[in-house]
Structures are given as structure tokens and as C-alpha cells.
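Source file: my_file_13.txt (compact mmCIF, C-alpha atoms)
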```
# COMPACT_ATOMS: atom_id res chain seq x y z
CA MET B 24 9.10 -22.79 -11.67
CA SER B 25 12.87 -22.42 -11.38
CA VAL B 26 12.35 -20.32 -8.25
CA ILE B 27 10.48 -23.19 -6.63
CA PHE B 28 13.10 -25.68 -7.78
CA LEU B 29 15.84 -23.49 -6.35
CA SER B 30 14.09 -23.25 -2.99
CA TYR B 31 13.76 -27.05 -2.90
CA LEU B 32 17.41 -27.44 -3.81
CA LYS B 33 18.46 -25.02 -1.07
CA ALA B 34 16.27 -26.81 1.51
CA PHE B 35 17.74 -30.16 0.45
CA VAL B 36 21.38 -29.09 0.49
CA VAL B 37 21.32 -27.02 3.69
CA GLY B 38 19.16 -29.56 5.56
CA GLY B 39 21.41 -32.36 4.35
CA LEU B 40 24.53 -30.51 5.45
CA ILE B 41 23.13 -29.90 8.94
CA CYS B 42 22.39 -33.64 9.21
CA LEU B 43 25.90 -34.33 7.95
CA VAL B 44 27.27 -32.35 10.91
CA GLY B 45 25.18 -34.56 13.20
CA GLN B 46 26.50 -37.70 11.50
CA LEU B 47 30.09 -36.51 11.86
CA LEU B 48 29.44 -35.90 15.57
CA ILE B 49 28.05 -39.44 15.91
CA ASP B 50 30.95 -40.99 14.00
CA PHE B 51 33.81 -39.06 15.58
CA THR B 52 32.63 -38.45 19.14
CA LYS B 53 30.91 -40.57 21.75
CA LEU B 54 27.79 -38.42 21.70
CA THR B 55 24.63 -40.49 22.09
CA PRO B 56 21.54 -39.65 20.01
CA ALA B 57 19.93 -38.02 23.06
CA ARG B 58 22.94 -35.72 23.48
CA ILE B 59 22.92 -34.91 19.78
CA LEU B 60 19.28 -33.82 20.03
CA VAL B 61 20.01 -31.67 23.10
CA ALA B 62 23.14 -30.21 21.49
CA PHE B 63 21.34 -29.23 18.28
CA VAL B 64 18.44 -27.54 20.05
CA VAL B 65 20.76 -25.62 22.41
CA ALA B 66 23.04 -24.71 19.48
CA GLY B 67 19.98 -23.41 17.64
CA VAL B 68 19.07 -21.16 20.57
CA PHE B 69 22.54 -19.65 20.71
CA LEU B 70 23.05 -19.32 16.96
CA SER B 71 19.70 -17.58 16.78
CA GLY B 72 20.61 -15.40 19.76
CA LEU B 73 23.75 -14.32 17.95
CA GLY B 74 21.65 -13.46 14.93
CA LEU B 75 23.31 -16.11 12.80
CA TYR B 76 20.41 -18.49 12.26
CA GLN B 77 17.69 -16.26 10.83
CA PRO B 78 19.76 -15.56 7.69
CA LEU B 79 20.02 -19.31 7.18
CA ILE B 80 16.23 -19.66 7.53
CA ASP B 81 15.74 -16.82 5.03
CA PHE B 82 18.09 -18.62 2.66
CA ALA B 83 17.10 -22.26 3.04
CA GLY B 84 13.56 -22.27 4.45
CA ALA B 85 12.73 -25.77 5.67
CA GLY B 86 16.40 -26.70 5.27
CA ALA B 87 16.95 -24.60 8.39
CA THR B 88 13.57 -24.83 10.18
CA VAL B 89 13.11 -28.63 10.02
CA PRO B 90 16.41 -29.62 11.72
CA LEU B 91 16.37 -29.34 15.51
CA THR B 92 18.58 -26.27 15.36
CA GLY B 93 15.45 -24.66 13.89
CA PHE B 94 13.51 -25.79 16.95
CA GLY B 95 16.11 -23.99 19.06
CA ALA B 96 15.81 -20.93 16.86
CA THR B 97 12.04 -21.00 17.42
CA ILE B 98 12.62 -21.00 21.18
CA ALA B 99 15.01 -18.05 20.91
CA ARG B 100 12.63 -16.07 18.72
CA GLY B 101 9.79 -16.80 21.15
CA VAL B 102 11.87 -15.50 24.03
CA ARG B 103 12.83 -12.35 22.12
CA ASP B 104 9.22 -11.62 21.13
CA ALA B 105 7.93 -12.31 24.65
CA VAL B 106 10.58 -10.14 26.35
CA ARG B 107 9.74 -7.35 23.92
CA GLU B 108 6.06 -7.63 24.78
CA TYR B 109 6.04 -8.58 28.48
CA GLY B 110 9.47 -7.55 29.79
CA PHE B 111 10.91 -9.78 32.50
CA MET B 112 7.94 -12.17 32.50
CA GLY B 113 8.67 -12.81 28.87
CA ILE B 114 11.80 -14.70 29.90
CA LEU B 115 9.54 -17.28 31.52
CA LEU B 116 6.72 -17.13 28.98
CA GLY B 117 8.72 -17.15 25.79
CA PRO B 118 10.53 -20.49 25.51
CA LEU B 119 7.52 -22.79 25.72
CA THR B 120 5.08 -20.44 24.00
CA ALA B 121 7.06 -20.56 20.79
CA SER B 122 7.80 -24.26 20.91
CA ALA B 123 4.32 -25.24 22.08
CA ALA B 124 3.06 -26.50 18.73
CA GLY B 125 5.99 -28.84 18.13
CA ILE B 126 6.00 -30.23 21.66
CA THR B 127 2.22 -30.64 21.77
CA ALA B 128 2.18 -32.32 18.36
CA ALA B 129 4.88 -34.77 19.45
CA MET B 130 3.11 -35.55 22.73
CA ILE B 131 -0.31 -36.09 21.15
CA ALA B 132 1.09 -38.05 18.21
CA GLY B 133 3.10 -40.23 20.60
CA LEU B 134 0.02 -40.80 22.74
CA ILE B 135 -2.17 -41.74 19.79
CA VAL B 136 0.50 -44.05 18.37
CA SER B 137 0.89 -45.81 21.71
CA LEU B 138 -2.87 -46.32 21.85
CA VAL B 139 -3.28 -47.57 18.28
CA PHE B 140 -0.16 -49.68 17.76
CA LYS B 141 1.43 -52.50 19.66
CA SER B 142 5.06 -52.31 20.60
CA GLY B 143 6.62 -53.89 17.62
CA ASP B 144 8.56 -56.89 16.88
CA LYS B 145 11.81 -55.13 16.18
CA SER B 146 12.58 -56.11 12.65
CA MET F 25 45.17 -44.66 25.83
CA VAL F 26 45.21 -45.80 22.27
CA LYS F 27 42.32 -44.39 20.35
CA LYS F 28 40.79 -47.04 18.20
CA ALA F 29 40.43 -45.72 14.71
CA SER F 30 37.10 -46.59 13.20
CA PRO F 31 37.38 -48.02 9.73
CA PRO F 32 37.13 -45.12 7.31
CA SER F 33 34.99 -47.11 4.90
CA LYS F 34 32.29 -47.43 7.54
CA ILE F 35 32.28 -43.72 8.32
CA ALA F 36 32.24 -42.82 4.66
CA ALA F 37 29.23 -45.09 4.30
CA THR F 38 27.20 -43.27 6.95
CA LEU F 39 27.69 -39.80 5.50
CA PRO F 40 25.82 -40.02 2.16
CA GLY F 41 22.80 -41.61 3.86
CA ALA F 42 22.66 -38.87 6.48
CA PHE F 43 23.00 -36.13 3.87
CA LEU F 44 20.54 -37.63 1.38
CA ILE F 45 17.77 -38.63 3.75
CA GLY F 46 18.20 -35.56 5.96
CA GLY F 47 18.08 -33.41 2.84
CA LEU F 48 15.02 -35.20 1.53
CA ILE F 49 13.18 -34.72 4.83
CA CYS F 50 13.91 -30.98 4.65
CA LEU F 51 12.83 -30.98 1.01
CA LEU F 52 9.55 -32.57 2.06
CA GLY F 53 9.31 -29.91 4.76
CA GLN F 54 9.70 -27.20 2.12
CA MET F 55 6.97 -28.82 -0.01
CA LEU F 56 4.70 -28.86 3.04
CA ILE F 57 5.45 -25.20 3.76
CA ASP F 58 4.59 -24.26 0.17
CA GLY F 59 1.54 -26.52 0.30
CA TYR F 60 0.18 -24.93 3.46
CA ALA F 61 0.85 -21.47 2.03
CA ALA F 62 -1.10 -22.45 -1.10
CA LEU F 63 -3.96 -23.60 1.13
CA GLY F 64 -4.08 -20.13 2.63
CA VAL F 65 -2.42 -20.84 5.96
CA GLU F 66 -0.96 -17.65 7.45
CA GLN F 67 2.63 -17.25 6.25
CA LYS F 68 4.24 -17.23 9.71
CA PHE F 69 2.53 -20.46 10.70
CA CYS F 70 3.49 -22.46 7.59
CA PRO F 71 6.89 -23.68 8.86
CA VAL F 72 5.33 -24.66 12.19
CA ALA F 73 2.50 -26.52 10.44
CA ALA F 74 5.02 -28.29 8.21
CA SER F 75 7.13 -29.34 11.20
CA CYS F 76 4.07 -30.62 13.05
CA THR F 77 3.09 -32.64 9.96
CA LEU F 78 6.55 -34.21 9.92
CA VAL F 79 6.15 -34.94 13.63
CA ALA F 80 2.84 -36.74 13.03
CA LEU F 81 4.29 -38.63 10.08
CA SER F 82 7.32 -39.72 12.11
CA ALA F 83 5.12 -40.93 14.96
CA LEU F 84 3.01 -42.91 12.51
CA LEU F 85 6.06 -44.48 10.88
CA THR F 86 7.39 -45.29 14.35
CA GLY F 87 4.14 -47.08 15.16
CA LEU F 88 4.34 -49.01 11.89
CA ASN F 89 7.93 -50.05 12.70
CA VAL F 90 9.09 -48.37 9.52
CA PHE F 91 10.99 -45.50 11.13
CA ASP F 92 13.77 -47.63 12.60
CA ASN F 93 14.38 -49.28 9.25
CA ILE F 94 14.86 -45.89 7.59
CA ALA F 95 16.94 -44.63 10.52
CA LYS F 96 19.31 -47.57 10.07
CA TYR F 97 20.45 -46.11 6.76
CA ALA F 98 19.88 -42.46 7.59
CA GLY F 99 21.64 -42.18 10.95
CA ALA F 100 21.66 -38.48 11.75
CA GLY F 101 19.55 -37.93 8.62
CA THR F 102 16.42 -38.90 10.55
CA LEU F 103 17.75 -37.99 14.00
CA VAL F 104 18.69 -34.35 13.49
CA PRO F 105 15.48 -33.15 11.79
CA ILE F 106 12.33 -32.73 13.90
CA THR F 107 11.56 -36.34 12.90
CA GLY F 108 14.19 -37.47 15.41
CA PHE F 109 12.43 -35.58 18.20
CA ALA F 110 9.06 -37.11 17.25
CA ASN F 111 10.56 -40.59 17.12
CA ALA F 112 12.21 -40.01 20.49
CA VAL F 113 8.72 -39.34 21.93
CA ALA F 114 6.72 -42.01 20.10
CA SER F 115 9.21 -44.86 20.39
CA PRO F 116 9.48 -45.08 24.20
CA ALA F 117 5.76 -44.24 24.54
CA LEU F 118 5.02 -47.36 22.52
CA GLU F 119 7.73 -49.49 24.03
CA PHE F 120 6.75 -48.82 27.64
CA LYS F 121 3.02 -49.23 27.05
CA THR F 122 3.28 -52.50 28.99
CA GLU F 123 4.11 -50.47 32.10
CA GLY F 124 0.77 -48.69 31.94
CA MET F 125 -0.64 -45.51 30.51
CA VAL F 126 0.60 -43.26 33.31
CA LEU F 127 4.09 -44.32 34.34
CA GLY F 128 4.66 -46.22 31.09
CA VAL F 129 3.42 -44.15 28.16
CA GLY F 130 2.98 -40.83 29.98
CA ALA F 131 6.33 -40.78 31.74
CA LYS F 132 8.61 -42.63 29.36
CA MET F 133 7.72 -40.52 26.33
CA PHE F 134 9.90 -37.84 27.92
CA LEU F 135 12.90 -40.11 28.34
CA ILE F 136 14.78 -38.26 25.58
CA ALA F 137 12.37 -35.44 24.74
CA GLY F 138 12.45 -34.33 28.40
CA PRO F 139 16.15 -33.40 28.41
CA VAL F 140 15.74 -31.76 25.00
CA ILE F 141 12.94 -29.55 26.33
CA VAL F 142 14.72 -28.86 29.65
CA TYR F 143 17.97 -27.71 28.07
CA GLY F 144 16.28 -25.96 25.18
CA VAL F 145 14.16 -23.96 27.62
CA ALA F 146 17.17 -23.35 29.88
CA ALA F 147 19.14 -21.96 26.95
CA GLY F 148 16.11 -19.83 26.05
CA VAL F 149 15.85 -18.44 29.59
CA LEU F 150 19.57 -17.65 29.64
CA TYR F 151 19.20 -15.85 26.33
CA GLY F 152 16.12 -14.04 27.65
CA LEU F 153 17.99 -12.89 30.76
CA ILE F 154 20.84 -11.54 28.67
CA ILE F 155 18.69 -9.57 26.27
CA TRP F 156 16.48 -8.32 29.12
CA LEU F 157 19.44 -7.18 31.24
CA PHE F 158 21.20 -5.44 28.38
CA GLY F 159 18.09 -4.21 26.60
CA LEU F 160 18.96 -6.06 23.44
CA TYR F 161 15.43 -6.99 22.46
```
Please go through the file and, once you have read it, give me the structure as C-alpha cells.
Amino acid sequence: MSVIFLSYLKAFVVGGLICLVGQLLIDFTKLTPARILVAFVVAGVFLSGLGLYQPLIDFAGAGATVPLTGFGATIARGVRDAVREYGFMGILLGPLTASAAGITAAMIAGLIVSLVFKSGDKS
Amino acid sequence: MVKKASPPSKIAATLPGAFLIGGLICLLGQMLIDGYAALGVEQKFCPVAASCTLVALSALLTGLNVFDNIAKYAGAGTLVPITGFANAVASPALEFKTEGMVLGVGAKMFLIAGPVIVYGVAAGVLYGLIIWLFGLY
């Protein structure tokens, strides 16, 4: 029980802290939300490439995989696995193979939502 | 040029919301990971399944006009997690529905997600080139 609680606590704190970094970037720089998203994914690729992100995933679970840095880490891991398996072609195959589920889910969910709902009265 | 200092009270107000809601979303993600594992989903796919669930949930809340109301308080708390990516796809898809299914929904859903994918993939290719050239894989 306490093990589960601890894993939830770690996910909460680490995930919250990563979002806090994003909020500080919004508050103290002129970065737009789109740039923040790009920056976090690219940062995730490089942190993962340097071997710094996997330890955070091992420690915090969803606290590290749910933020977009985790999406970047998924891309990096996909590239590494694909290069290992396919050599040079893996460079081209890896990035989208690993991130396919997230991108496909977002596309299909966005499509369904646009079919079902009407563009809202912005409340 | 004189840099206009933002009022510190306002900045201090954005931080707890980002931390709390961002943390809670990740906590929910962890619950989903554990839940999928309990349902017998293969261990390596649990985080992906959890993220995709959060994506679907975010798209739904975007459609219901609830997402923006949460995002108002959360700031980066909803933007930085995968929920921000899902909202960035669903929101313009819905908004540009009036411009048709092809150039409205189909094209505009990549308004923000497009750059994210382009630069994410570009960073991945650069990383791939480096590890391939130096045999670091």
C-alpha cells in the first residue's frame, strides 16, 4: 500500500515540478504555448539521448512519461531501438514508430471531437 | 529598453496552479498505468496506453469546453503534460470545422501539433545520426 502511495507521490511531485518549469518559462520569457510544447519535446529527446531522462522515468513513472519531455524521450528511445535493429534506416524509421500511438490517438480523438461537438461558445 | 517587471503577486499565483494540476494529471497517469497493468496489459505498453487515455480525455474535455476553463487556472499544468498536445490538436480541429473537413479540420489540427512533430522528429533524426555515426547504440 505504502509502495503504491509513494509511487503516486513521486509521479505527482515530479510531474508538478516539470509543469512548474513550463510555467516559469511562460511567466519569465516570451515563449508562446506552441514554443513551449516544441521546446519540451525537443528537450526530452536530448535529455534522453544524454541518458538523463530514463532514470527520471524509473524514479517517477508517469511523472516523467506524461509530460511532453516524456514524449521526446519516447522518440529518442524509438530511434535508439530502430538504429540498433535496422542500422541507418532506423534513423528514419525510429522517431515516428515510437511516437505513433500518441500522435495517432491525438489525431483520431481530434477528428472524432470535431465531428461530434460544435465549436463552442467560449465561456 | 526598460523591461517591464510583471507584478510578482501574479506570477506567484500561476505557480501553485501549474504545479498542482500538472502533478494531479501525472498522478492520474500513474493510476492509469497501474490500472492497465492490473488489467494484464503488457508492461512496456502501459505508459503509452495511459498517455493515449489522457489524450482522449483531453480531446473530450476540449469538445465539452471544459478544458479551457481548467487551463485558465492550470497554465503550464495542462499545457506541458500530453494533455496540452491533445488540446492543441482538438481545439483548432473543432474551431476550424467551419472551413470544411479537409482544409479546416484536417489541416488546422496540425497548427501547433505539426511543429511539435516536425521538431521532435528532427531532434530524433539528429540523435539517430549521432549514435549511428559513433556506434553509440
Please report, as JSON lines, each residue of range 57-101 of chain F lying at most 12 Å from range 100-121 of chain B, together with the nearest pair of atoms and the separation in Å rounded to one decimal; use only C-alpha atoms, and order rows by chain and ascending residue number.
```
{"residue": "F:Lys68", "atom": "CA", "partner": "B:Ala121", "partner_atom": "CA", "distance": 11.9}
{"residue": "F:Phe69", "atom": "CA", "partner": "B:Ala121", "partner_atom": "CA", "distance": 11.1}
{"residue": "F:Val72", "atom": "CA", "partner": "B:Ala121", "partner_atom": "CA", "distance": 9.7}
```
How would you write as a list in words the residues that get within 12 Å of (19.3, -7.7, 21.9) in the file's frame, counting only C-alpha atoms?
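Residues with an atom at most 12 Å from (19.3, -7.7, 21.9): Ser71, Gly72, Leu73, Gly74, Ala99, Arg100, Val102, Arg103, Asp104, Val106 and Arg107 of chain B; Tyr151, Gly152, Leu153, Ile154, Ile155, Trp156, Leu157, Phe158, Gly159, Leu160 and Tyr161 of chain F.
Put simply, CA of Gly59 in chain F is 8.8 Å away from CA of Ala74 in chain F.
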What residues in chain B have any atom no more than 6 Å from chain F when counting all atoms listed in the file, and can you write them as a VMD selection string?
chain B and resid 31 34 to 36 38 to 39 42 to 43 45 to 46 57 61 64 to 65 85 to 86 89 to 91 99 102 to 103 107 114 118 125 128 to 129 132 to 133 136 to 137 140 142
Hey, can you check how far CA of Phe69 in chain B sits from CA of Ile41 in chain B?
15.6 Å
